[in-house]
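Heads up, the thing below is written out as structure tokens.
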Amino acid sequence: MQCYIYKSLKKAELYLYIDKKDDFSAVPEECLSTLGPLVHVMDLELTRERKLAREDSQKVLKCLQEKGFFIQMPPPLVPASTRLQ
């Protein structure tokens, strides 16, 4: 599946994946306003086998197919191994 990735200029390391280039109609308005201005960073042929740096490609594909978008959140500030349980 072809997807298009946009970087939020408002929130560091926050990315929006959509299934149609420059078509944000599937993304709820509340999400778009939280993301702030977006800049296109890359097009990607996404498959189940493709490795992504911080996300599970199957999870991203499922969201794109069901919702038409996926939001990649920034990594946590505190490493998981040092969080209190």
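Ordered as shown in the structure tokens, chains take letters A, B, and onward, while each chain numbers its residues from 1 and ligands are numbered from 1 in the order shown.
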
Inset, instruction - With a distance cut-off of 7 Å and only C-alpha atoms, select the neighbouring residues of range 35-46 of chain A, excluding the residue or stretch itself and same-chain residues fewer than 6 positions from it, and output the selection as an NGL selection string. - result: :A and (1-11)

Selection near Ala53 in chain A, 12 Å with only C-alpha atoms, sequence-local residues under 6 positions removed, as an mmCIF file with C-alpha atoms, in the first residue's frame:
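The resulting file, selection_13.cif, is shown below:
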data_model
loop_
_atom_site.group_PDB
_atom_site.id
_atom_site.type_symbol
_atom_site.label_atom_id
_atom_site.label_comp_id
_atom_site.auth_asym_id
_atom_site.auth_seq_id
_atom_site.Cartn_x
_atom_site.Cartn_y
_atom_site.Cartn_z
ATOM 1 C CA GLN A 72 2.989 8.182 15.026
ATOM 2 C CA PRO A 74 6.918 10.892 19.688
ATOM 3 C CA PRO A 75 8.988 8.421 21.700
#

Legend entry - Among the residues A:Gly68, A:Glu55, A:Arg48, A:Leu61, the one that comes closest to Tyr15 in chain A [using only C-alpha atoms]: A:Glu55

Legend entry - Residues within 12 Å of Val27 in chain A, only C-alpha atoms, excluding chain neighbours under 3 positions, as a ChimeraX atom specification: /A:16-20,22-24,30-35,63-64,66-71

Please write the residues from the selection above to a file, keeping N, CA and C atoms, as a compact mmCIF listing (two decimals), in the first residue's frame.
# COMPACT_ATOMS: atom_id res chain seq x y z
N LEU A 16 2.24 12.00 10.69
CA LEU A 16 0.94 11.57 10.21
C LEU A 16 1.13 10.79 8.93
N TYR A 17 0.60 9.57 8.90
CA TYR A 17 0.61 8.73 7.70
C TYR A 17 -0.81 8.79 7.13
N ILE A 18 -0.94 9.02 5.83
CA ILE A 18 -2.25 9.00 5.19
C ILE A 18 -2.18 8.14 3.93
N ASP A 19 -3.35 7.71 3.47
CA ASP A 19 -3.38 6.81 2.32
C ASP A 19 -3.56 7.52 0.98
N LYS A 20 -3.82 8.83 1.01
CA LYS A 20 -3.96 9.61 -0.22
C LYS A 20 -3.17 10.90 -0.07
N ASP A 22 -1.83 14.42 0.20
CA ASP A 22 -2.41 15.74 0.43
C ASP A 22 -3.92 15.72 0.68
N ASP A 23 -4.48 14.56 1.02
CA ASP A 23 -5.91 14.44 1.31
C ASP A 23 -6.06 14.13 2.79
N PHE A 24 -6.39 15.15 3.57
CA PHE A 24 -6.50 15.01 5.01
C PHE A 24 -7.95 14.84 5.45
N GLU A 30 -10.07 17.68 15.08
CA GLU A 30 -9.38 17.84 16.37
C GLU A 30 -7.92 17.37 16.28
N CYS A 31 -7.70 16.29 15.54
CA CYS A 31 -6.33 15.77 15.36
C CYS A 31 -5.51 16.75 14.53
N LEU A 32 -6.09 17.24 13.46
CA LEU A 32 -5.36 18.17 12.59
C LEU A 32 -4.96 19.43 13.35
N SER A 33 -5.85 19.94 14.18
CA SER A 33 -5.51 21.15 14.92
C SER A 33 -4.43 20.89 15.96
N THR A 34 -4.41 19.69 16.53
CA THR A 34 -3.36 19.32 17.49
C THR A 34 -2.01 19.17 16.78
N LEU A 35 -2.04 18.59 15.58
CA LEU A 35 -0.80 18.39 14.82
C LEU A 35 -0.18 19.71 14.37
N CYS A 63 -4.51 0.53 10.39
CA CYS A 63 -5.11 1.85 10.62
C CYS A 63 -5.36 2.57 9.29
N LEU A 64 -4.42 2.49 8.38
CA LEU A 64 -4.59 3.13 7.08
C LEU A 64 -5.78 2.53 6.33
N GLU A 66 -8.40 0.92 7.67
CA GLU A 66 -9.66 1.11 8.39
C GLU A 66 -10.05 2.58 8.52
N LYS A 67 -9.07 3.45 8.77
CA LYS A 67 -9.36 4.86 9.05
C LYS A 67 -8.88 5.82 7.96
N GLY A 68 -7.87 5.40 7.21
CA GLY A 68 -7.29 6.28 6.20
C GLY A 68 -6.14 7.12 6.72
N PHE A 69 -5.78 6.93 8.01
CA PHE A 69 -4.65 7.68 8.58
C PHE A 69 -4.09 6.93 9.78
N PHE A 70 -2.86 7.32 10.16
CA PHE A 70 -2.20 6.78 11.35
C PHE A 70 -1.33 7.90 11.91
N ILE A 71 -1.35 8.10 13.21
CA ILE A 71 -0.50 9.11 13.85
C ILE A 71 0.59 8.40 14.64

Inset, instruction - Can you check which residues of chain A DSSP gives as strand (DSSP E or B) on the backbone and send them as a list in words? - result: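 Checking each residue of chain A, the strand (DSSP E or B) ones are Gln2, Cys3, Tyr4, Ile5, Tyr6, Lys7, Ser8, Tyr15, Leu16, Tyr17, Ile18, Leu38, Val39, His40, Val41, Met42, Asp43, Leu44, Glu45, Phe69, Phe70, Ile71 and Gln72 of chain A.
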
Inset, instruction - Could you jot down the CA of Pro28 in chain A to CA of Gln65 in chain A separation for me, Å, one decimal place? - result: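 Spanning CA of Pro28 in chain A to CA of Gln65 in chain A is a straight-line distance of 15.7 Å.
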
Inset, instruction - Would you return as an MDAnalysis selection string the members of chain A that DSSP assigns to alpha helix (DSSP H) on this structure's backbone? - result: chainID A and resid 29:35 57:67

Include N, CA and C atoms and write out the residues we just selected as an mmCIF file, in the first residue's frame.
data_model
loop_
_atom_site.group_PDB
_atom_site.id
_atom_site.type_symbol
_atom_site.label_atom_id
_atom_site.label_comp_id
_atom_site.auth_asym_id
_atom_site.auth_seq_id
_atom_site.Cartn_x
_atom_site.Cartn_y
_atom_site.Cartn_z
ATOM 1 N N GLU A 29 -10.840 16.723 12.545
ATOM 2 C CA GLU A 29 -10.396 18.119 12.690
ATOM 3 C C GLU A 29 -9.631 18.340 13.998
ATOM 4 N N GLU A 30 -10.066 17.683 15.081
ATOM 5 C CA GLU A 30 -9.380 17.838 16.369
ATOM 6 C C GLU A 30 -7.921 17.373 16.278
ATOM 7 N N CYS A 31 -7.699 16.290 15.544
ATOM 8 C CA CYS A 31 -6.335 15.775 15.360
ATOM 9 C C CYS A 31 -5.507 16.749 14.532
ATOM 10 N N LEU A 32 -6.092 17.237 13.461
ATOM 11 C CA LEU A 32 -5.363 18.168 12.594
ATOM 12 C C LEU A 32 -4.963 19.426 13.350
ATOM 13 N N SER A 33 -5.854 19.938 14.183
ATOM 14 C CA SER A 33 -5.515 21.154 14.925
ATOM 15 C C SER A 33 -4.425 20.889 15.960
ATOM 16 N N THR A 34 -4.409 19.692 16.533
ATOM 17 C CA THR A 34 -3.358 19.323 17.488
ATOM 18 C C THR A 34 -2.011 19.168 16.783
ATOM 19 N N LEU A 35 -2.036 18.594 15.578
ATOM 20 C CA LEU A 35 -0.796 18.394 14.818
ATOM 21 C C LEU A 35 -0.184 19.711 14.372
ATOM 22 N N SER A 57 4.635 -2.236 11.241
ATOM 23 C CA SER A 57 4.058 -1.974 9.924
ATOM 24 C C SER A 57 2.648 -2.551 9.789
ATOM 25 N N GLN A 58 2.372 -3.682 10.426
ATOM 26 C CA GLN A 58 1.033 -4.274 10.357
ATOM 27 C C GLN A 58 -0.002 -3.378 11.042
ATOM 28 N N LYS A 59 0.394 -2.776 12.148
ATOM 29 C CA LYS A 59 -0.483 -1.855 12.881
ATOM 30 C C LYS A 59 -0.775 -0.611 12.034
ATOM 31 N N VAL A 60 0.251 -0.076 11.395
ATOM 32 C CA VAL A 60 0.085 1.105 10.543
ATOM 33 C C VAL A 60 -0.816 0.769 9.354
ATOM 34 N N LEU A 61 -0.553 -0.355 8.703
ATOM 35 C CA LEU A 61 -1.377 -0.783 7.568
ATOM 36 C C LEU A 61 -2.849 -0.931 7.965
ATOM 37 N N LYS A 62 -3.097 -1.545 9.095
ATOM 38 C CA LYS A 62 -4.469 -1.748 9.557
ATOM 39 C C LYS A 62 -5.180 -0.413 9.761
ATOM 40 N N CYS A 63 -4.512 0.527 10.394
ATOM 41 C CA CYS A 63 -5.106 1.854 10.616
ATOM 42 C C CYS A 63 -5.361 2.570 9.289
ATOM 43 N N LEU A 64 -4.416 2.487 8.376
ATOM 44 C CA LEU A 64 -4.591 3.134 7.078
ATOM 45 C C LEU A 64 -5.783 2.532 6.333
ATOM 46 N N GLN A 65 -5.923 1.223 6.385
ATOM 47 C CA GLN A 65 -7.030 0.558 5.690
ATOM 48 C C GLN A 65 -8.376 0.845 6.346
ATOM 49 N N GLU A 66 -8.397 0.918 7.671
ATOM 50 C CA GLU A 66 -9.655 1.115 8.387
ATOM 51 C C GLU A 66 -10.050 2.577 8.524
ATOM 52 N N LYS A 67 -9.070 3.447 8.769
ATOM 53 C CA LYS A 67 -9.364 4.857 9.048
ATOM 54 C C LYS A 67 -8.884 5.820 7.962
#
